[in-house]
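Participant: Input my_file00.txt, format and content: compact mmCIF, C-alpha atoms and all ligand atoms.
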# COMPACT_ATOMS: atom_id res chain seq x y z
CA MET A 1 -46.77 -5.66 11.20
CA SER A 2 -44.97 -2.82 9.45
CA VAL A 3 -42.09 -3.39 7.07
CA PRO A 4 -39.08 -1.17 7.87
CA PRO A 5 -38.09 1.12 5.00
CA PRO A 6 -35.09 -0.13 3.02
CA VAL A 7 -31.82 1.39 4.22
CA THR A 8 -30.29 3.50 1.45
CA ARG A 9 -26.58 3.54 2.02
CA VAL A 10 -24.72 6.54 0.76
CA GLN A 11 -22.43 5.39 -2.03
CA PRO A 12 -19.04 6.81 -2.96
CA LEU A 13 -19.17 8.90 -6.10
CA VAL A 14 -17.18 7.27 -8.90
CA VAL A 15 -15.46 9.61 -11.34
CA ARG A 16 -13.45 8.55 -14.38
CA THR A 17 -12.07 11.82 -15.70
CA ARG A 18 -9.78 14.54 -14.39
CA ALA A 19 -12.45 17.15 -15.10
CA ALA A 20 -15.10 15.27 -13.09
CA LEU A 21 -12.59 14.75 -10.28
CA ARG A 22 -11.86 18.48 -10.11
CA THR A 23 -15.56 19.30 -9.87
CA ALA A 24 -16.27 16.64 -7.27
CA LEU A 25 -13.31 17.66 -5.09
CA GLU A 26 -14.77 21.13 -4.74
CA ALA A 27 -18.11 19.78 -3.56
CA PRO A 28 -18.73 20.37 0.16
CA ALA A 29 -19.01 17.28 2.37
CA GLY A 30 -22.43 15.71 2.16
CA THR A 31 -23.36 17.29 -1.17
CA ALA A 32 -21.99 16.00 -4.46
CA ALA A 33 -19.53 13.32 -3.47
CA GLY A 34 -21.77 12.33 -0.59
CA ALA A 35 -25.02 12.25 -2.53
CA PRO A 36 -26.96 8.97 -2.64
CA GLU A 37 -26.33 6.94 -5.76
CA GLY A 38 -28.69 8.07 -8.49
CA ALA A 39 -28.98 11.62 -7.15
CA ALA A 40 -25.82 12.65 -8.94
CA PRO A 41 -24.84 10.70 -12.03
CA SER A 42 -21.26 9.50 -11.99
CA GLY A 43 -18.89 12.27 -13.02
CA THR A 44 -21.49 15.05 -13.29
CA ALA A 45 -21.76 16.25 -9.70
CA GLY A 46 -20.99 19.86 -8.87
CA PRO A 47 -21.16 22.10 -5.81
CA ARG A 48 -24.40 23.92 -5.00
CA PRO A 49 -23.98 27.61 -5.76
CA ASP A 50 -24.85 28.50 -2.14
CA ALA A 51 -22.71 25.76 -0.54
CA PRO A 52 -19.87 26.91 1.73
CA PRO A 53 -16.36 26.07 0.53
CA ARG A 54 -14.83 22.88 1.84
CA THR A 55 -12.50 23.50 4.79
CA ALA A 56 -12.02 20.04 6.35
CA ALA A 57 -9.01 17.92 5.52
CA ARG A 58 -8.78 15.63 2.52
CA ALA A 59 -7.10 12.22 2.60
CA VAL A 60 -6.16 10.05 -0.34
CA VAL A 61 -5.55 6.30 -0.59
CA MET A 62 -3.96 5.18 -3.85
CA THR A 63 -4.59 1.63 -5.08
CA MET A 64 -4.47 -0.55 -8.16
CA GLY A 65 -7.88 -2.01 -7.27
CA ALA A 66 -8.65 -5.68 -6.55
CA LEU A 67 -9.24 -4.36 -3.06
CA HIS A 68 -8.83 -6.45 0.07
CA ASP A 69 -8.75 -5.75 3.78
CA GLY A 70 -5.22 -4.33 3.53
CA HIS A 71 -6.51 -1.55 1.30
CA LEU A 72 -9.61 -1.12 3.48
CA GLN A 73 -7.38 -0.63 6.51
CA LEU A 74 -5.75 2.32 4.73
CA VAL A 75 -9.21 3.74 4.04
CA ARG A 76 -10.25 3.29 7.68
CA ALA A 77 -7.08 5.05 8.82
CA ALA A 78 -7.74 7.86 6.34
CA ARG A 79 -11.32 8.37 7.54
CA GLU A 80 -10.24 8.17 11.17
CA ARG A 81 -7.73 10.90 10.47
CA VAL A 82 -9.98 13.41 8.67
CA GLY A 83 -13.18 12.70 10.62
CA PRO A 84 -16.76 12.69 9.28
CA ALA A 85 -16.46 16.21 7.86
CA GLY A 86 -13.29 15.42 5.95
CA GLN A 87 -13.06 13.99 2.46
CA VAL A 88 -11.65 10.55 1.68
CA VAL A 89 -10.61 9.90 -1.91
CA VAL A 90 -9.60 6.44 -3.15
CA THR A 91 -7.83 6.14 -6.49
CA VAL A 92 -8.00 2.94 -8.52
CA PHE A 93 -5.51 2.77 -11.35
CA VAL A 94 -3.33 -0.04 -12.68
CA ASN A 95 -0.34 2.02 -13.72
CA PRO A 96 1.38 0.56 -16.81
CA LEU A 97 4.48 2.68 -16.13
CA GLN A 98 5.44 0.61 -13.09
CA PHE A 99 5.18 -2.81 -14.79
CA GLY A 100 8.14 -4.38 -16.59
CA PRO A 101 7.68 -5.98 -20.03
CA ASP A 102 7.51 -9.51 -18.58
CA GLU A 103 5.28 -8.64 -15.62
CA ASP A 104 1.59 -9.21 -14.97
CA LEU A 105 0.07 -5.94 -16.29
CA ASP A 106 -2.42 -7.72 -18.55
CA ARG A 107 -3.55 -10.33 -16.05
CA TYR A 108 -3.63 -7.99 -13.03
CA PRO A 109 -7.15 -8.42 -11.52
CA ARG A 110 -9.55 -5.57 -12.35
CA ASP A 111 -13.14 -5.33 -11.01
CA LEU A 112 -14.18 -1.76 -10.27
CA ASP A 113 -17.78 -2.67 -9.36
CA ALA A 114 -16.58 -5.11 -6.71
CA ASP A 115 -14.09 -2.51 -5.41
CA VAL A 116 -16.78 0.17 -5.10
CA ALA A 117 -19.12 -2.31 -3.37
CA LEU A 118 -16.40 -3.08 -0.80
CA LEU A 119 -15.79 0.61 -0.15
CA ALA A 120 -19.55 1.26 0.10
CA GLY A 121 -19.80 -1.49 2.72
CA LEU A 122 -17.40 0.21 5.14
CA ASP A 123 -18.79 1.67 8.35
CA GLU A 124 -20.23 5.15 7.90
CA PRO A 125 -18.31 7.79 9.89
CA ALA A 126 -21.63 9.53 10.63
CA PRO A 127 -25.24 8.85 9.61
CA GLY A 128 -25.63 9.55 5.91
CA ARG A 129 -21.87 9.98 5.33
CA PRO A 130 -19.99 7.38 3.29
CA ALA A 131 -16.61 6.10 4.48
CA VAL A 132 -15.28 7.04 1.04
CA ASP A 133 -16.53 10.19 -0.65
CA LEU A 134 -14.93 9.75 -4.00
CA VAL A 135 -13.39 7.00 -6.13
CA PHE A 136 -11.18 8.22 -8.96
CA ALA A 137 -10.77 5.41 -11.49
CA PRO A 138 -9.23 6.88 -14.63
CA SER A 139 -8.38 5.04 -17.84
CA VAL A 140 -4.77 4.85 -19.02
CA GLU A 141 -5.60 7.46 -21.69
CA GLU A 142 -7.01 9.79 -19.04
CA MET A 143 -3.85 9.52 -16.93
CA TYR A 144 -1.41 9.63 -19.84
CA PRO A 145 -3.26 11.60 -22.52
CA GLY A 146 -0.07 12.22 -24.48
CA GLY A 147 1.06 8.59 -24.30
CA ASP A 148 4.02 7.63 -22.13
CA PRO A 149 5.24 10.70 -20.26
CA ILE A 150 8.56 12.14 -21.39
CA VAL A 151 9.31 13.79 -18.04
CA ARG A 152 9.29 11.36 -15.13
CA VAL A 153 10.29 11.21 -11.49
CA THR A 154 13.60 9.43 -10.87
CA SER A 155 13.79 7.37 -7.70
CA GLY A 156 17.60 7.49 -7.62
CA ARG A 157 19.50 4.95 -5.58
CA ILE A 158 16.36 3.73 -3.78
CA GLY A 159 15.08 2.57 -7.15
CA THR A 160 18.11 0.43 -7.95
CA VAL A 161 18.31 -1.81 -4.87
CA LEU A 162 16.15 -4.72 -3.61
CA GLU A 163 12.79 -4.44 -5.50
CA GLY A 164 14.40 -1.90 -7.80
CA ALA A 165 17.18 -4.33 -8.75
CA PHE A 166 14.64 -6.97 -9.77
CA ARG A 167 12.14 -4.51 -11.31
CA PRO A 168 14.18 -1.89 -13.19
CA GLY A 169 12.21 1.32 -13.64
CA HIS A 170 9.46 0.18 -11.25
CA PHE A 171 9.92 2.91 -8.66
CA ASP A 172 10.29 5.64 -11.29
CA GLY A 173 6.91 4.52 -12.64
CA VAL A 174 5.41 4.42 -9.13
CA LEU A 175 6.71 7.86 -8.15
CA THR A 176 5.60 9.39 -11.45
CA VAL A 177 2.01 8.22 -11.02
CA VAL A 178 1.99 9.01 -7.29
CA LEU A 179 3.08 12.59 -7.99
CA LYS A 180 0.47 12.93 -10.75
CA LEU A 181 -2.25 11.57 -8.44
CA LEU A 182 -1.14 13.91 -5.65
CA HIS A 183 -1.43 16.86 -8.04
CA LEU A 184 -4.84 15.70 -9.24
CA THR A 185 -6.34 14.94 -5.82
CA ARG A 186 -4.51 17.66 -3.82
CA PRO A 187 -4.76 15.87 -0.43
CA ASP A 188 -3.58 17.09 2.96
CA VAL A 189 -2.58 13.57 3.91
CA ALA A 190 -1.86 10.42 1.90
CA PHE A 191 -1.89 6.84 3.23
CA TYR A 192 0.36 4.01 2.02
CA GLY A 193 0.91 0.47 3.31
CA GLU A 194 4.06 -0.72 5.03
CA LYS A 195 3.55 -3.88 2.99
CA ASP A 196 5.39 -2.01 0.21
CA ALA A 197 8.08 -0.70 2.55
CA GLN A 198 10.52 0.37 -0.14
CA GLN A 199 7.73 2.15 -2.02
CA LEU A 200 6.70 3.98 1.15
CA LEU A 201 10.29 5.06 1.68
CA ALA A 202 10.63 6.22 -1.94
CA ILE A 203 7.41 8.26 -1.63
CA ARG A 204 8.60 9.82 1.62
CA ARG A 205 11.88 10.77 -0.07
CA MET A 206 10.11 12.22 -3.10
CA VAL A 207 7.81 14.30 -0.90
CA ALA A 208 10.78 15.60 1.12
CA ASP A 209 13.18 16.07 -1.80
CA LEU A 210 10.65 17.77 -4.10
CA ASN A 211 8.81 19.78 -1.41
CA VAL A 212 5.45 18.16 -2.09
CA ASP A 213 2.94 19.68 0.34
CA VAL A 214 1.38 16.51 1.74
CA GLU A 215 1.75 14.44 4.89
CA VAL A 216 2.62 10.80 4.23
CA VAL A 217 1.29 8.19 6.67
CA GLY A 218 2.36 4.53 6.71
CA VAL A 219 -0.14 1.84 7.76
CA PRO A 220 0.99 -1.52 9.24
CA ILE A 221 0.70 -4.69 7.13
CA VAL A 222 -2.64 -6.51 7.30
CA ARG A 223 -2.22 -10.30 7.32
CA ASP A 224 -4.48 -13.31 7.09
CA ASP A 225 -4.88 -15.23 10.35
CA ASP A 226 -2.12 -17.62 9.27
CA GLY A 227 0.34 -14.75 8.72
CA LEU A 228 0.22 -14.39 4.93
CA ALA A 229 0.38 -10.68 4.04
CA LEU A 230 -2.76 -9.71 2.11
CA SER A 231 -2.04 -8.94 -1.53
CA SER A 232 -4.13 -8.66 -4.68
CA ARG A 233 -1.66 -11.13 -6.20
CA ASN A 234 -2.60 -13.82 -3.64
CA ALA A 235 -5.60 -14.43 -5.95
CA TYR A 236 -3.18 -16.05 -8.43
CA LEU A 237 -2.06 -18.73 -5.92
CA SER A 238 -3.25 -22.34 -6.06
CA ALA A 239 -3.94 -24.05 -2.72
CA GLN A 240 -0.46 -25.62 -2.73
CA GLU A 241 1.20 -22.35 -3.66
CA ARG A 242 -0.67 -20.53 -0.93
CA ALA A 243 0.65 -23.07 1.59
CA ASP A 244 4.17 -22.55 0.22
CA ALA A 245 3.73 -18.77 0.37
CA LEU A 246 3.25 -18.97 4.14
CA THR A 247 6.98 -19.68 4.35
CA LEU A 248 7.70 -16.01 3.67
CA SER A 249 6.10 -14.65 6.83
CA ARG A 250 7.29 -17.64 8.87
CA ALA A 251 10.87 -17.08 7.75
CA LEU A 252 10.65 -13.37 8.59
CA ARG A 253 9.34 -14.14 12.07
CA ALA A 254 12.05 -16.73 12.68
CA GLY A 255 14.71 -14.29 11.48
CA ALA A 256 13.32 -11.54 13.72
CA ALA A 257 13.36 -13.91 16.71
CA ALA A 258 16.98 -14.83 16.02
CA ALA A 259 17.99 -11.16 15.83
CA ALA A 260 16.12 -10.38 19.04
CA ALA A 261 17.83 -13.33 20.74
CA GLY A 262 21.30 -11.91 20.09
CA GLN A 263 22.25 -13.84 16.95
CA GLY A 264 22.89 -10.59 15.09
CA GLY A 265 21.92 -9.55 11.58
CA ALA A 266 23.85 -12.41 10.01
CA GLY A 267 22.09 -14.88 12.31
CA ALA A 268 18.69 -13.49 11.31
CA ILE A 269 19.47 -13.92 7.61
CA GLU A 270 20.85 -17.42 8.16
CA VAL A 271 17.76 -18.59 10.06
CA ALA A 272 15.30 -17.01 7.60
CA SER A 273 17.08 -18.22 4.48
CA GLY A 274 17.37 -21.71 5.96
CA MET A 275 13.59 -21.87 6.25
CA LEU A 276 12.99 -20.46 2.78
CA ASN A 277 15.45 -22.88 1.19
CA GLU A 278 13.61 -25.86 2.69
CA HIS A 279 10.73 -25.11 0.28
CA PRO A 280 11.49 -25.90 -3.35
CA GLY A 281 8.22 -24.16 -4.33
CA VAL A 282 9.63 -20.84 -3.11
CA VAL A 283 12.31 -19.19 -5.25
CA VAL A 284 13.87 -16.27 -3.38
CA ASP A 285 14.76 -13.10 -5.30
CA TYR A 286 16.25 -11.40 -2.25
CA LEU A 287 16.30 -11.61 1.53
CA ALA A 288 17.90 -8.62 3.22
CA LEU A 289 18.22 -6.90 6.57
CA VAL A 290 18.47 -3.15 6.02
CA ASP A 291 18.31 0.25 7.65
CA PRO A 292 14.54 0.93 7.92
CA THR A 293 14.88 4.61 6.99
CA THR A 294 17.21 4.29 4.00
CA VAL A 295 17.14 0.61 2.94
CA ASP A 296 20.96 0.80 3.14
CA ASP A 297 22.90 -2.32 4.10
CA LEU A 298 23.85 -2.65 7.77
CA GLU A 299 27.30 -3.14 9.24
CA PRO A 300 27.82 -6.74 10.46
CA GLU A 301 27.95 -5.65 14.12
CA TYR A 302 24.87 -3.37 13.84
CA VAL A 303 22.54 -3.29 16.85
CA GLY A 304 19.14 -1.54 16.78
CA PRO A 305 15.99 -1.28 14.66
CA ALA A 306 16.13 -2.85 11.21
CA LEU A 307 13.85 -4.12 8.47
CA LEU A 308 13.91 -7.70 7.21
CA LEU A 309 12.62 -7.86 3.62
CA VAL A 310 11.90 -10.77 1.33
CA ALA A 311 10.76 -11.17 -2.27
CA ALA A 312 10.11 -14.60 -3.73
CA ARG A 313 8.38 -16.30 -6.58
CA VAL A 314 5.82 -18.95 -5.70
CA GLY A 315 4.87 -20.63 -8.96
CA SER A 316 4.43 -17.74 -11.39
CA THR A 317 3.43 -15.30 -8.64
CA ARG A 318 5.91 -12.86 -7.17
CA LEU A 319 5.28 -11.96 -3.52
CA ILE A 320 6.93 -9.51 -1.14
CA ASP A 321 6.81 -9.20 2.63
CA ASN A 322 8.75 -7.50 5.41
CA LEU A 323 8.99 -7.31 9.17
CA ALA A 324 10.46 -4.79 11.60
CA VAL A 325 13.31 -6.38 13.51
CA ASP A 326 15.15 -5.30 16.63
CA VAL A 327 18.74 -6.50 16.40
CA ALA A 328 19.85 -7.14 19.99
CA PRO A 329 23.47 -7.03 21.18
CA PRO A 330 25.21 -10.37 20.64
CA VAL A 331 24.95 -12.89 23.42
CA THR A 332 28.43 -13.38 24.83
CA ARG A 333 29.36 -16.27 27.06
CA THR A 334 31.21 -14.98 30.11
CA ALA A 335 33.34 -17.41 32.08
CA ARG A 336 32.08 -17.88 35.62
CA PRO A 337 34.68 -16.95 38.23
CA GLY A 338 36.26 -20.12 39.46
CA GLY A 339 34.41 -22.13 36.87
CA THR A 340 35.95 -24.64 34.53
CA GLN A 341 34.35 -23.51 31.26
P1 LIG A 401 -1.73 -1.80 -4.44
O1 LIG A 401 -3.16 -1.84 -4.85
O2 LIG A 401 -1.10 -3.15 -4.34
O3 LIG A 401 -0.92 -0.81 -5.24
O4 LIG A 401 -1.71 -1.25 -2.96
C1 LIG A 401 -2.27 0.00 -2.66
C2 LIG A 401 -1.86 0.40 -1.26
O5 LIG A 401 -2.32 -0.57 -0.33
C3 LIG A 401 -0.33 0.49 -1.10
O6 LIG A 401 -0.01 1.60 -0.29
C4 LIG A 401 -0.01 -0.82 -0.42
O7 LIG A 401 1.17 -0.77 0.36
C5 LIG A 401 -1.23 -0.99 0.46
N1 LIG A 401 -1.39 -2.40 0.83
C6 LIG A 401 -1.49 -3.47 -0.01
N2 LIG A 401 -1.57 -4.62 0.70
C7 LIG A 401 -1.51 -4.27 2.00
C8 LIG A 401 -1.53 -5.00 3.23
N3 LIG A 401 -1.62 -6.33 3.28
N4 LIG A 401 -1.44 -4.30 4.40
C9 LIG A 401 -1.33 -2.95 4.39
N5 LIG A 401 -1.31 -2.21 3.27
C10 LIG A 401 -1.40 -2.85 2.09
Let's see the structure in the file written out as structure tokens.
Ligand code: AMP

Facilitator:
Amino acid sequence: MSVPPPVTRVQPLVVRTRAALRTALEAPAGTAAGAPEGAAPSGTAGPRPDAPPRTAARAVVMTMGALHDGHLQLVRAARERVGPAGQVVVTVFVNPLQFGPDEDLDRYPRDLDADVALLAGLDEPAPGRPAVDLVFAPSVEEMYPGGDPIVRVTSGRIGTVLEGAFRPGHFDGVLTVVLKLLHLTRPDVAFYGEKDAQQLLAIRRMVADLNVDVEVVGVPIVRDDDGLALSSRNAYLSAQERADALTLSRALRAGAAAAAAGQGGAGAIEVASGMLNEHPGVVVDYLALVDPTTVDDLEPEYVGPALLLVAARVGSTRLIDNLAVDVAPPVTRTARPGGTQ
């Protein structure tokens, strides 16, 4: 009986510095960033002198780590888009600029080895090609070598409503790091989750308003079987809190059903907030039905596509969720001819 040779999976190359990232990005597919682990020490890979220049598309997925299937879905979409010859770059960086003074920057879960193992376990797009070519996981000093940046991106009105109202400066911090990471990784296409709908909108606006040469793609929310939107912060929840947290997605679905049944935007909010208020363990920051392309408020008689958003604290954990809603025309009772009602 012969023992089959061990399968050596091609690992993503992990780089920690901007210089190593620049070198690895220039490596043709299947050489540096695609080399088996051990063949090219982390951060030292370079293109072969005779290698042709890279021509296939490059996709980037930006994360704060503590990866789950929501992040992996972005990676799958990125690989699907650029094909086996393309380059998929995942960034892992917990950006201090987007955390408020009382937020969870210090306790945010960090485990780069586990993240890389998850990415390495994704289906290969072709034999010997990793799903992710490159993981860029810089330190805070590497991203902000001069300390806090003086010049930053301003998210404008988008950054002052909903999430922005509860997290002042959050979207400026997000957009600043996103623009820096776009400059560093120079992708053709960048993938972001609809889970952070307001963030996705702010990034789209930044890219349009500042003529950033990248295509932005939104990826639908990945949920657990029971409806809870996957989030790195779900790891903070106790069993009871996790049960309470289910109210968020349930309330959104009930609100969406009410809107679709002709109860209007106000009806959707009433139904959803009624459900949320039944749970003392859930403290709502905001519940809003907005224009999905601007996050502007809607007129009371609005009919058409909308976005129902919620943010709530469950114990000490702050969660967000959202759902696309179709606000149907109001149901009007018409008197039957000859009837008595
Ligand atoms: P984060 O690590 O939380 O900054 O998220 C990194 C990216 O993954 C962002 O574009 C998020 O919107 C996206 N993301 C996080 N959770 C989910 C989810 N459950 N479904 C889809 N995308 C997600």

Participant: Can you sort out the box for segment 306-321 of chain A, edges along x, y and z, all listed atoms in, 5 Å on every side, with centre and edge lengths in Å to one decimal, as AutoDock Vina command-line options?

Facilitator:
--center_x 9.8 --center_y -11.7 --center_z -0.1 --size_x 22.7 --size_y 27.8 --size_z 32.6

Participant: Show me which residues line ligand LIG 401 (chain A), defined as having an atom within 10 Å of a ligand atom where only C-alpha atoms and all ligand atoms count, and present them as JSON, numbers by chain.

Facilitator: {"A": [61, 62, 63, 64, 65, 66, 67, 68, 69, 70, 71, 72, 73, 74, 75, 90, 91, 92, 93, 94, 95, 174, 190, 191, 192, 193, 194, 195, 196, 197, 198, 199, 200, 217, 218, 219, 220, 221, 222, 223, 224, 228, 229, 230, 231, 232, 233, 320, 321]}

Participant: Find the spatial neighbours of Gly169 of chain A, counting all atoms listed in the file, within a cut-off of 8 Å - ignore same-chain residues fewer than 4 positions away - and output them as number ranges by chain.

Facilitator: A: 98, 100, 159, 164, 173

Participant: What is the atom CA of Arg9 of chain A-atom CA of Phe136 of chain A distance in Å, reported with one decimal?

Facilitator: 19.5 Å

Participant: Grab the atom CA of Val331 of chain A to atom CA of Asp297 of chain A distance for me, in Å with one decimal place.

Facilitator: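 Straight-line distance from atom CA of Val331 of chain A to atom CA of Asp297 of chain A works out to 22.1 Å.
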